[in-house]
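Below: my_file_19.cif (mmCIF, N, CA and C atoms)
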data_data
#
loop_
_atom_site.label_atom_id
_atom_site.label_comp_id
_atom_site.auth_asym_id
_atom_site.auth_seq_id
_atom_site.Cartn_x
_atom_site.Cartn_y
_atom_site.Cartn_z
N MET A 1360 19.23 53.97 55.02
CA MET A 1360 18.08 53.94 54.12
C MET A 1360 17.22 52.76 54.48
N LYS A 1361 15.95 53.00 54.64
CA LYS A 1361 15.03 51.93 55.03
C LYS A 1361 13.85 51.88 54.09
N LEU A 1362 13.70 50.78 53.41
CA LEU A 1362 12.50 50.48 52.65
C LEU A 1362 11.92 49.24 53.30
N THR A 1363 10.69 49.31 53.73
CA THR A 1363 10.10 48.21 54.49
C THR A 1363 9.83 46.99 53.62
N ALA A 1364 9.63 45.87 54.30
CA ALA A 1364 9.26 44.63 53.61
C ALA A 1364 7.96 44.82 52.85
N LYS A 1365 7.04 45.63 53.40
CA LYS A 1365 5.79 45.89 52.69
C LYS A 1365 6.06 46.45 51.30
N GLY A 1366 6.91 47.46 51.23
CA GLY A 1366 7.22 48.09 49.95
C GLY A 1366 7.91 47.15 48.99
N ARG A 1367 8.94 46.46 49.48
CA ARG A 1367 9.69 45.52 48.63
C ARG A 1367 8.79 44.40 48.10
N TYR A 1368 8.03 43.79 49.01
CA TYR A 1368 7.20 42.66 48.62
C TYR A 1368 6.04 43.08 47.72
N ALA A 1369 5.51 44.27 47.94
CA ALA A 1369 4.43 44.75 47.08
C ALA A 1369 4.94 44.94 45.66
N VAL A 1370 6.11 45.52 45.49
CA VAL A 1370 6.69 45.69 44.16
C VAL A 1370 6.97 44.32 43.54
N MET A 1371 7.53 43.40 44.32
CA MET A 1371 7.80 42.05 43.81
C MET A 1371 6.52 41.38 43.33
N ALA A 1372 5.46 41.46 44.13
CA ALA A 1372 4.21 40.78 43.79
C ALA A 1372 3.54 41.39 42.56
N VAL A 1373 3.53 42.71 42.46
CA VAL A 1373 2.92 43.36 41.30
C VAL A 1373 3.74 43.06 40.05
N ALA A 1374 5.06 43.07 40.16
CA ALA A 1374 5.91 42.74 39.01
C ALA A 1374 5.68 41.29 38.59
N ASP A 1375 5.53 40.39 39.56
CA ASP A 1375 5.25 38.98 39.26
C ASP A 1375 3.94 38.87 38.50
N LEU A 1376 2.93 39.57 38.96
CA LEU A 1376 1.62 39.55 38.30
C LEU A 1376 1.75 40.05 36.86
N ALA A 1377 2.49 41.14 36.66
CA ALA A 1377 2.69 41.69 35.31
C ALA A 1377 3.45 40.74 34.42
N ALA A 1378 4.41 40.01 35.00
CA ALA A 1378 5.23 39.08 34.22
C ALA A 1378 4.43 37.90 33.68
N GLN A 1379 3.25 37.66 34.24
CA GLN A 1379 2.43 36.53 33.78
C GLN A 1379 1.69 36.85 32.49
N GLY A 1380 1.72 38.12 32.07
CA GLY A 1380 1.11 38.51 30.80
C GLY A 1380 -0.06 39.46 30.99
N VAL A 1381 -0.43 40.10 29.90
CA VAL A 1381 -1.53 41.06 29.91
C VAL A 1381 -2.81 40.34 30.31
N ASP A 1382 -3.56 40.94 31.22
CA ASP A 1382 -4.84 40.40 31.72
C ASP A 1382 -4.71 39.07 32.45
N ALA A 1383 -3.49 38.69 32.86
CA ALA A 1383 -3.31 37.46 33.63
C ALA A 1383 -4.02 37.62 34.97
N CYS A 1384 -4.65 36.56 35.40
CA CYS A 1384 -5.34 36.53 36.68
C CYS A 1384 -4.65 35.43 37.50
N GLU A 1385 -4.09 35.82 38.64
CA GLU A 1385 -3.29 34.90 39.44
C GLU A 1385 -3.78 34.87 40.88
N SER A 1386 -3.70 33.70 41.49
CA SER A 1386 -4.05 33.58 42.91
C SER A 1386 -2.87 34.06 43.74
N LEU A 1387 -3.17 34.48 44.96
CA LEU A 1387 -2.10 34.92 45.86
C LEU A 1387 -1.18 33.76 46.21
N SER A 1388 -1.73 32.55 46.26
CA SER A 1388 -0.88 31.39 46.57
C SER A 1388 0.13 31.15 45.44
N ALA A 1389 -0.26 31.37 44.19
CA ALA A 1389 0.67 31.19 43.07
C ALA A 1389 1.76 32.26 43.11
N ILE A 1390 1.36 33.51 43.37
CA ILE A 1390 2.34 34.60 43.46
C ILE A 1390 3.27 34.33 44.64
N GLY A 1391 2.70 33.95 45.76
CA GLY A 1391 3.50 33.68 46.96
C GLY A 1391 4.49 32.56 46.75
N ALA A 1392 4.08 31.51 46.05
CA ALA A 1392 4.98 30.38 45.79
C ALA A 1392 6.14 30.80 44.90
N ARG A 1393 5.85 31.59 43.89
CA ARG A 1393 6.93 32.04 42.98
C ARG A 1393 7.89 33.01 43.64
N GLN A 1394 7.37 33.87 44.51
CA GLN A 1394 8.19 34.94 45.09
C GLN A 1394 8.64 34.67 46.52
N GLY A 1395 8.18 33.58 47.12
CA GLY A 1395 8.58 33.26 48.48
C GLY A 1395 7.99 34.22 49.52
N ILE A 1396 6.72 34.59 49.31
CA ILE A 1396 6.03 35.51 50.21
C ILE A 1396 4.81 34.78 50.76
N SER A 1397 4.55 34.91 52.05
CA SER A 1397 3.41 34.21 52.64
C SER A 1397 2.09 34.78 52.11
N VAL A 1398 1.13 33.90 51.97
CA VAL A 1398 -0.19 34.30 51.47
C VAL A 1398 -0.84 35.29 52.44
N THR A 1399 -0.64 35.09 53.72
CA THR A 1399 -1.22 36.01 54.72
C THR A 1399 -0.69 37.43 54.52
N PHE A 1400 0.60 37.56 54.28
CA PHE A 1400 1.19 38.88 54.05
C PHE A 1400 0.68 39.46 52.73
N LEU A 1401 0.60 38.63 51.69
CA LEU A 1401 0.08 39.09 50.40
C LEU A 1401 -1.36 39.56 50.52
N GLU A 1402 -2.17 38.89 51.32
CA GLU A 1402 -3.56 39.33 51.51
C GLU A 1402 -3.62 40.75 52.05
N GLN A 1403 -2.75 41.06 53.01
CA GLN A 1403 -2.70 42.41 53.56
C GLN A 1403 -2.28 43.42 52.50
N LEU A 1404 -1.25 43.07 51.74
CA LEU A 1404 -0.75 43.98 50.71
C LEU A 1404 -1.77 44.18 49.60
N PHE A 1405 -2.39 43.11 49.13
CA PHE A 1405 -3.31 43.21 48.01
C PHE A 1405 -4.60 43.93 48.38
N ALA A 1406 -4.98 43.91 49.64
CA ALA A 1406 -6.14 44.70 50.07
C ALA A 1406 -5.83 46.19 49.86
N LYS A 1407 -4.62 46.60 50.21
CA LYS A 1407 -4.21 48.00 50.03
C LYS A 1407 -4.01 48.32 48.54
N LEU A 1408 -3.42 47.40 47.80
CA LEU A 1408 -3.20 47.62 46.37
C LEU A 1408 -4.54 47.72 45.62
N ARG A 1409 -5.53 46.96 46.07
CA ARG A 1409 -6.86 47.02 45.45
C ARG A 1409 -7.52 48.37 45.74
N ARG A 1410 -7.43 48.83 46.99
CA ARG A 1410 -8.00 50.14 47.34
C ARG A 1410 -7.33 51.27 46.55
N ALA A 1411 -6.06 51.10 46.22
CA ALA A 1411 -5.33 52.12 45.44
C ALA A 1411 -5.54 51.94 43.94
N GLU A 1412 -6.37 50.97 43.56
CA GLU A 1412 -6.70 50.69 42.16
C GLU A 1412 -5.48 50.32 41.32
N ILE A 1413 -4.56 49.59 41.94
CA ILE A 1413 -3.40 49.06 41.23
C ILE A 1413 -3.71 47.66 40.73
N VAL A 1414 -4.44 46.89 41.55
CA VAL A 1414 -4.90 45.56 41.14
C VAL A 1414 -6.41 45.51 41.33
N GLU A 1415 -7.02 44.51 40.72
CA GLU A 1415 -8.44 44.28 40.94
C GLU A 1415 -8.64 42.79 41.17
N SER A 1416 -9.63 42.47 41.98
CA SER A 1416 -9.90 41.07 42.28
C SER A 1416 -10.89 40.50 41.28
N VAL A 1417 -10.73 39.22 41.01
CA VAL A 1417 -11.61 38.49 40.09
C VAL A 1417 -12.18 37.32 40.87
N ARG A 1418 -13.49 37.23 40.92
CA ARG A 1418 -14.16 36.15 41.65
C ARG A 1418 -14.32 34.92 40.75
N GLY A 1419 -14.57 33.80 41.40
CA GLY A 1419 -14.87 32.58 40.67
C GLY A 1419 -13.77 31.55 40.78
N ALA A 1420 -14.02 30.41 40.13
CA ALA A 1420 -13.09 29.28 40.19
C ALA A 1420 -11.71 29.65 39.65
N GLN A 1421 -11.66 30.46 38.64
CA GLN A 1421 -10.39 30.89 38.05
C GLN A 1421 -10.00 32.29 38.54
N GLY A 1422 -10.53 32.66 39.70
CA GLY A 1422 -10.33 33.99 40.23
C GLY A 1422 -8.95 34.22 40.80
N GLY A 1423 -8.75 35.43 41.23
CA GLY A 1423 -7.48 35.85 41.79
C GLY A 1423 -7.36 37.36 41.64
N TYR A 1424 -6.20 37.80 41.24
CA TYR A 1424 -5.96 39.23 41.03
C TYR A 1424 -5.34 39.46 39.67
N ARG A 1425 -5.62 40.64 39.12
CA ARG A 1425 -4.98 41.08 37.89
C ARG A 1425 -4.70 42.57 38.03
N LEU A 1426 -3.84 43.08 37.17
CA LEU A 1426 -3.53 44.50 37.20
C LEU A 1426 -4.75 45.30 36.78
N ALA A 1427 -4.97 46.42 37.43
CA ALA A 1427 -6.13 47.26 37.12
C ALA A 1427 -5.85 48.16 35.92
N ARG A 1428 -4.59 48.28 35.52
CA ARG A 1428 -4.21 49.09 34.35
C ARG A 1428 -2.94 48.48 33.78
N PRO A 1429 -2.53 48.88 32.60
CA PRO A 1429 -1.30 48.31 32.02
C PRO A 1429 -0.08 48.53 32.90
N ALA A 1430 0.81 47.57 32.91
CA ALA A 1430 2.03 47.64 33.73
C ALA A 1430 2.87 48.87 33.39
N ALA A 1431 2.79 49.33 32.17
CA ALA A 1431 3.55 50.51 31.74
C ALA A 1431 2.99 51.80 32.33
N LYS A 1432 1.83 51.73 32.95
CA LYS A 1432 1.19 52.91 33.55
C LYS A 1432 1.27 52.91 35.08
N ILE A 1433 1.90 51.89 35.66
CA ILE A 1433 1.99 51.79 37.12
C ILE A 1433 3.44 52.05 37.53
N THR A 1434 3.66 53.15 38.26
CA THR A 1434 5.01 53.46 38.72
C THR A 1434 5.26 52.84 40.09
N LEU A 1435 6.54 52.60 40.37
CA LEU A 1435 6.90 51.93 41.62
C LEU A 1435 6.56 52.77 42.85
N ASP A 1436 6.68 54.08 42.74
CA ASP A 1436 6.34 54.92 43.89
C ASP A 1436 4.87 54.78 44.27
N ARG A 1437 4.03 54.59 43.28
CA ARG A 1437 2.59 54.43 43.53
C ARG A 1437 2.32 53.14 44.32
N ILE A 1438 3.03 52.08 43.98
CA ILE A 1438 2.87 50.80 44.70
C ILE A 1438 3.34 50.97 46.14
N ILE A 1439 4.50 51.58 46.31
CA ILE A 1439 5.07 51.74 47.65
C ILE A 1439 4.18 52.63 48.51
N HIS A 1440 3.68 53.72 47.95
CA HIS A 1440 2.77 54.59 48.70
C HIS A 1440 1.47 53.85 49.06
N ALA A 1441 1.00 52.99 48.17
CA ALA A 1441 -0.26 52.27 48.41
C ALA A 1441 -0.19 51.38 49.64
N VAL A 1442 0.97 50.82 49.91
CA VAL A 1442 1.10 49.92 51.07
C VAL A 1442 1.71 50.64 52.27
N ASP A 1443 1.73 51.98 52.22
CA ASP A 1443 2.20 52.80 53.34
C ASP A 1443 3.66 52.52 53.68
N ALA A 1444 4.47 52.35 52.69
CA ALA A 1444 5.87 52.01 52.93
C ALA A 1444 6.77 53.07 52.31
N GLN A 1445 6.76 54.24 52.87
CA GLN A 1445 7.54 55.36 52.35
C GLN A 1445 9.03 55.14 52.61
N PRO A 1446 9.89 55.16 51.56
CA PRO A 1446 11.33 55.06 51.80
C PRO A 1446 11.78 56.20 52.72
N LYS A 1447 12.60 55.87 53.71
CA LYS A 1447 12.96 56.86 54.72
C LYS A 1447 14.45 56.84 54.99
N ALA A 1448 15.06 58.01 54.91
CA ALA A 1448 16.47 58.16 55.25
C ALA A 1448 16.65 59.02 56.50
N HIS A 1449 15.64 59.85 56.82
CA HIS A 1449 15.70 60.72 58.00
C HIS A 1449 15.60 59.92 59.29
N GLY A 1450 16.18 60.46 60.33
CA GLY A 1450 16.00 59.90 61.65
C GLY A 1450 14.84 60.58 62.38
N CYS A 1451 14.25 61.58 61.74
CA CYS A 1451 13.14 62.31 62.37
C CYS A 1451 12.15 62.72 61.28
N THR A 1452 11.06 63.26 61.71
CA THR A 1452 10.05 63.75 60.78
C THR A 1452 9.76 65.21 61.11
N PRO A 1453 9.31 65.98 60.15
CA PRO A 1453 9.04 67.40 60.42
C PRO A 1453 8.02 67.62 61.54
N GLU A 1454 7.07 66.71 61.70
CA GLU A 1454 6.03 66.90 62.71
C GLU A 1454 6.46 66.41 64.11
N ALA A 1455 7.64 65.79 64.21
CA ALA A 1455 8.11 65.30 65.51
C ALA A 1455 8.47 66.47 66.42
N LYS A 1456 8.23 66.28 67.72
CA LYS A 1456 8.57 67.33 68.69
C LYS A 1456 10.08 67.44 68.88
N LEU A 1457 10.78 66.32 68.76
CA LEU A 1457 12.23 66.31 68.89
C LEU A 1457 12.86 66.18 67.52
N GLY A 1458 13.97 66.85 67.29
CA GLY A 1458 14.70 66.75 66.04
C GLY A 1458 15.56 65.52 65.99
N CYS A 1459 16.38 65.42 64.99
CA CYS A 1459 17.26 64.27 64.77
C CYS A 1459 18.20 64.03 65.94
N THR A 1460 18.58 65.10 66.62
CA THR A 1460 19.57 65.01 67.70
C THR A 1460 18.96 64.61 69.03
N GLY A 1461 17.65 64.46 69.08
CA GLY A 1461 16.97 64.16 70.34
C GLY A 1461 16.61 65.43 71.09
N LYS A 1462 16.97 66.55 70.52
CA LYS A 1462 16.64 67.86 71.09
C LYS A 1462 15.68 68.53 70.12
N THR A 1463 15.53 69.81 70.21
CA THR A 1463 14.63 70.50 69.28
C THR A 1463 15.35 70.89 68.00
N ASP A 1464 16.66 70.74 67.95
CA ASP A 1464 17.45 71.09 66.77
C ASP A 1464 17.46 69.97 65.74
N ARG A 1465 17.60 70.38 64.49
CA ARG A 1465 17.82 69.39 63.44
C ARG A 1465 19.32 69.09 63.40
N CYS A 1466 19.66 67.88 62.99
CA CYS A 1466 21.07 67.54 62.89
C CYS A 1466 21.69 68.26 61.68
N LEU A 1467 22.99 68.30 61.65
CA LEU A 1467 23.72 68.99 60.60
C LEU A 1467 23.42 68.40 59.22
N THR A 1468 23.14 67.11 59.15
CA THR A 1468 22.93 66.43 57.86
C THR A 1468 21.45 66.25 57.51
N HIS A 1469 20.57 66.90 58.25
CA HIS A 1469 19.12 66.75 58.03
C HIS A 1469 18.73 67.00 56.56
N SER A 1470 19.22 68.08 55.99
CA SER A 1470 18.87 68.43 54.60
C SER A 1470 19.43 67.40 53.62
N LEU A 1471 20.58 66.83 53.93
CA LEU A 1471 21.16 65.79 53.08
C LEU A 1471 20.21 64.60 52.97
N TRP A 1472 19.70 64.13 54.12
CA TRP A 1472 18.82 62.96 54.11
C TRP A 1472 17.48 63.29 53.45
N GLY A 1473 17.04 64.53 53.59
CA GLY A 1473 15.81 64.94 52.90
C GLY A 1473 16.01 64.94 51.39
N ALA A 1474 17.18 65.41 50.94
CA ALA A 1474 17.48 65.40 49.50
C ALA A 1474 17.57 63.97 48.98
N LEU A 1475 18.14 63.07 49.78
CA LEU A 1475 18.22 61.66 49.38
C LEU A 1475 16.82 61.06 49.24
N GLU A 1476 15.94 61.34 50.19
CA GLU A 1476 14.57 60.85 50.09
C GLU A 1476 13.88 61.37 48.84
N ASP A 1477 14.10 62.64 48.53
CA ASP A 1477 13.52 63.23 47.31
C ASP A 1477 14.07 62.54 46.07
N HIS A 1478 15.38 62.27 46.06
CA HIS A 1478 16.01 61.62 44.91
C HIS A 1478 15.43 60.21 44.72
N ILE A 1479 15.29 59.49 45.80
CA ILE A 1479 14.73 58.14 45.73
C ILE A 1479 13.29 58.19 45.24
N GLY A 1480 12.51 59.14 45.74
CA GLY A 1480 11.13 59.30 45.29
C GLY A 1480 11.05 59.58 43.80
N ASN A 1481 11.92 60.46 43.32
CA ASN A 1481 11.95 60.77 41.88
C ASN A 1481 12.38 59.55 41.07
N PHE A 1482 13.35 58.79 41.58
CA PHE A 1482 13.82 57.58 40.91
C PHE A 1482 12.67 56.58 40.77
N LEU A 1483 11.96 56.33 41.87
CA LEU A 1483 10.87 55.35 41.86
C LEU A 1483 9.68 55.81 41.03
N SER A 1484 9.46 57.11 40.95
CA SER A 1484 8.34 57.62 40.14
C SER A 1484 8.65 57.55 38.64
N GLY A 1485 9.92 57.36 38.30
CA GLY A 1485 10.30 57.28 36.89
C GLY A 1485 10.42 55.86 36.37
N ILE A 1486 10.12 54.88 37.20
CA ILE A 1486 10.22 53.47 36.79
C ILE A 1486 8.85 52.83 36.89
N THR A 1487 8.45 52.15 35.82
CA THR A 1487 7.16 51.46 35.81
C THR A 1487 7.36 49.97 36.07
N VAL A 1488 6.26 49.31 36.37
CA VAL A 1488 6.29 47.86 36.56
C VAL A 1488 6.78 47.18 35.27
N GLN A 1489 6.37 47.71 34.13
CA GLN A 1489 6.81 47.13 32.86
C GLN A 1489 8.32 47.26 32.70
N ASP A 1490 8.89 48.38 33.15
CA ASP A 1490 10.35 48.55 33.13
C ASP A 1490 11.03 47.45 33.94
N VAL A 1491 10.47 47.13 35.10
CA VAL A 1491 11.04 46.08 35.96
C VAL A 1491 10.96 44.73 35.26
N VAL A 1492 9.79 44.41 34.71
CA VAL A 1492 9.60 43.13 34.02
C VAL A 1492 10.55 43.00 32.84
N ASP A 1493 10.73 44.09 32.10
CA ASP A 1493 11.61 44.08 30.93
C ASP A 1493 13.08 44.30 31.28
N GLU A 1494 13.37 44.47 32.58
CA GLU A 1494 14.72 44.77 33.06
C GLU A 1494 15.31 45.98 32.35
N ARG A 1495 14.48 46.99 32.19
CA ARG A 1495 14.86 48.24 31.55
C ARG A 1495 15.00 49.31 32.63
N LEU A 1496 16.08 49.20 33.40
CA LEU A 1496 16.28 50.07 34.54
C LEU A 1496 17.42 51.04 34.27
N PRO A 1497 17.36 52.22 34.87
CA PRO A 1497 18.43 53.20 34.65
C PRO A 1497 19.75 52.69 35.22
N VAL A 1498 20.81 53.00 34.50
CA VAL A 1498 22.14 52.62 34.93
C VAL A 1498 22.88 53.90 35.32
N LEU A 1499 23.43 53.89 36.51
CA LEU A 1499 24.21 55.04 36.96
C LEU A 1499 25.65 54.89 36.49
N GLU A 1500 26.19 55.96 35.99
CA GLU A 1500 27.58 55.97 35.56
C GLU A 1500 28.47 56.00 36.80
N ALA A 1501 29.54 55.22 36.77
CA ALA A 1501 30.47 55.20 37.90
C ALA A 1501 31.26 56.51 37.94
N ALA A 1502 31.45 57.02 39.13
CA ALA A 1502 32.23 58.25 39.29
C ALA A 1502 33.70 57.96 39.03
N GLU A 1503 34.37 58.91 38.41
CA GLU A 1503 35.79 58.70 38.10
C GLU A 1503 36.67 59.25 39.17
#
Taking this structure as input, can you express it in the form of structure tokens?
Amino acid sequence: MKLTAKGRYAVMAVADLAAQGVDACESLSAIGARQGISVTFLEQLFAKLRRAEIVESVRGAQGGYRLARPAAKITLDRIIHAVDAQPKAHGCTPEAKLGCTGKTDRCLTHSLWGALEDHIGNFLSGITVQDVVDERLPVLEAAE
């Protein structure tokens, strides 16, 4: 399972912004200092998050970024998609000329990894930034 640094850090940064309070406006350097993320990397992420209307920029001496909508209305899958960081379990893609095996065939477990990607997508679409801030996350029951 691979979730890129872009996806992880984008979720961390948006959650950090939400944790500062409703309508909080924060500089990327403040977010970066709290989360241990370089400002250069945050600039790249926030440009994409702004285009996706997840955050908005505020100009001026007290400028920075704020959430474009309430944290309870922003799902994690939306953040991850905004920064082009799709969670991936497959070793191949449907549009690839070669399948998982390096030939034209799909591997025996191809459908399994596709189902896992779907499950992860559904999981992330059901969690909001506010859920993360409030630590209100789903708990999986242990198998007996």
Write out as a ChimeraX atom specification each polymer residue whose atoms come within 10 Å of Arg1367 of chain A, counting only C-alpha atoms; drop sequence neighbours fewer than 4 positions from it.
/A:1362-1363,1371-1372,1435,1438-1439,1442,1444
Name the residues that the PyMOL selection byres ((chain A and resi 1484) around 6.5) picks from the file above, as a PyMOL selection string, using the file's chain letters and numbers.
chain A and resi 1434-1437+1479-1483+1485-1487
Just-selected residues, N, CA and C atoms written as a compact mmCIF listing (two decimals), in the coordinates of the input:
# COMPACT_ATOMS: atom_id res chain seq x y z
N THR A 1434 3.66 53.15 38.26
CA THR A 1434 5.01 53.46 38.72
C THR A 1434 5.26 52.84 40.09
N LEU A 1435 6.54 52.60 40.37
CA LEU A 1435 6.90 51.93 41.62
C LEU A 1435 6.56 52.77 42.85
N ASP A 1436 6.68 54.08 42.74
CA ASP A 1436 6.34 54.92 43.89
C ASP A 1436 4.87 54.78 44.27
N ARG A 1437 4.03 54.59 43.28
CA ARG A 1437 2.59 54.43 43.53
C ARG A 1437 2.32 53.14 44.32
N ILE A 1479 15.29 59.49 45.80
CA ILE A 1479 14.73 58.14 45.73
C ILE A 1479 13.29 58.19 45.24
N GLY A 1480 12.51 59.14 45.74
CA GLY A 1480 11.13 59.30 45.29
C GLY A 1480 11.05 59.58 43.80
N ASN A 1481 11.92 60.46 43.32
CA ASN A 1481 11.95 60.77 41.88
C ASN A 1481 12.38 59.55 41.07
N PHE A 1482 13.35 58.79 41.58
CA PHE A 1482 13.82 57.58 40.91
C PHE A 1482 12.67 56.58 40.77
N LEU A 1483 11.96 56.33 41.87
CA LEU A 1483 10.87 55.35 41.86
C LEU A 1483 9.68 55.81 41.03
N GLY A 1485 9.92 57.36 38.30
CA GLY A 1485 10.30 57.28 36.89
C GLY A 1485 10.42 55.86 36.37
N ILE A 1486 10.12 54.88 37.20
CA ILE A 1486 10.22 53.47 36.79
C ILE A 1486 8.85 52.83 36.89
N THR A 1487 8.45 52.15 35.82
CA THR A 1487 7.16 51.46 35.81
C THR A 1487 7.36 49.97 36.07
Calculate how many Å separate atom CA of Ala1369 of chain A from atom CA of Ala1389 of chain A, rounding to one decimal.
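Interatomic distance here is 14.6 Å.
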What does the distance between atom CA of Pro1429 of chain A and atom CA of Ala1406 of chain A come to in Å, to one decimal place?
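Atom-to-atom, atom CA of Pro1429 of chain A to atom CA of Ala1406 of chain A, that is 19.0 Å.
One finds atom C of Tyr1424 of chain A at 16.5 Å from atom N of Ser1397 of chain A.
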With 8 Å of padding per side, what axis-aligned box (centre and edge lengths, Å, one decimal) covers all the listed atoms of segment 1431-1440 of chain A? Give it as lines of an AutoDock Vina configuration file.
center_x = 4.0
center_y = 52.1
center_z = 40.4
size_x = 21.7
size_y = 21.6
size_z = 33.3
Selected residue, from A:Ala1411, A:Leu1426, A:Val1491, A:Ala1392, that lies nearest to Leu1376 of chain A when counting all atoms listed in the file:
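Smallest distance to Leu1376 of chain A is found for A:Leu1426.
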Got a sec: who's within 12 Å of Ile1390 of chain A, counting only C-alpha atoms, leaving out chain neighbours fewer than 6 positions off, as JSON, numbers by chain?
{"A": [1368, 1369, 1370, 1371, 1372, 1373, 1374, 1375, 1376, 1377, 1378, 1379, 1383, 1384, 1396, 1397, 1398, 1399, 1400, 1401, 1402, 1405, 1423, 1424, 1425]}
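Remark: for Arg1428 of chain A, the closest of the candidate residues A:Arg1495, A:Leu1467, A:Ser1388, A:Val1488 is A:Val1488 (distances computed over only C-alpha atoms).
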Using all atoms listed in the file, can you tell me which of A:Gly1395, A:Ala1441, A:Gly1473, A:Glu1385 comes closest to Leu1408 of chain A?
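Ranking A:Gly1395, A:Ala1441, A:Gly1473, A:Glu1385 by distance to Leu1408 of chain A, first place goes to A:Ala1441.
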Residues of segment 1366-1502 of chain A classed as alpha helix (DSSP H) by DSSP on the backbone are to be reported as a ChimeraX atom specification.
/A:1366-1378,1387-1394,1398-1410,1435-1441,1469-1484,1488-1492
Let's see if you can do this: from backbone DSSP, list all strand (DSSP E) residues in segment 1372-1425 of chain A, as a ChimeraX atom specification.
/A:1414-1417,1423-1425
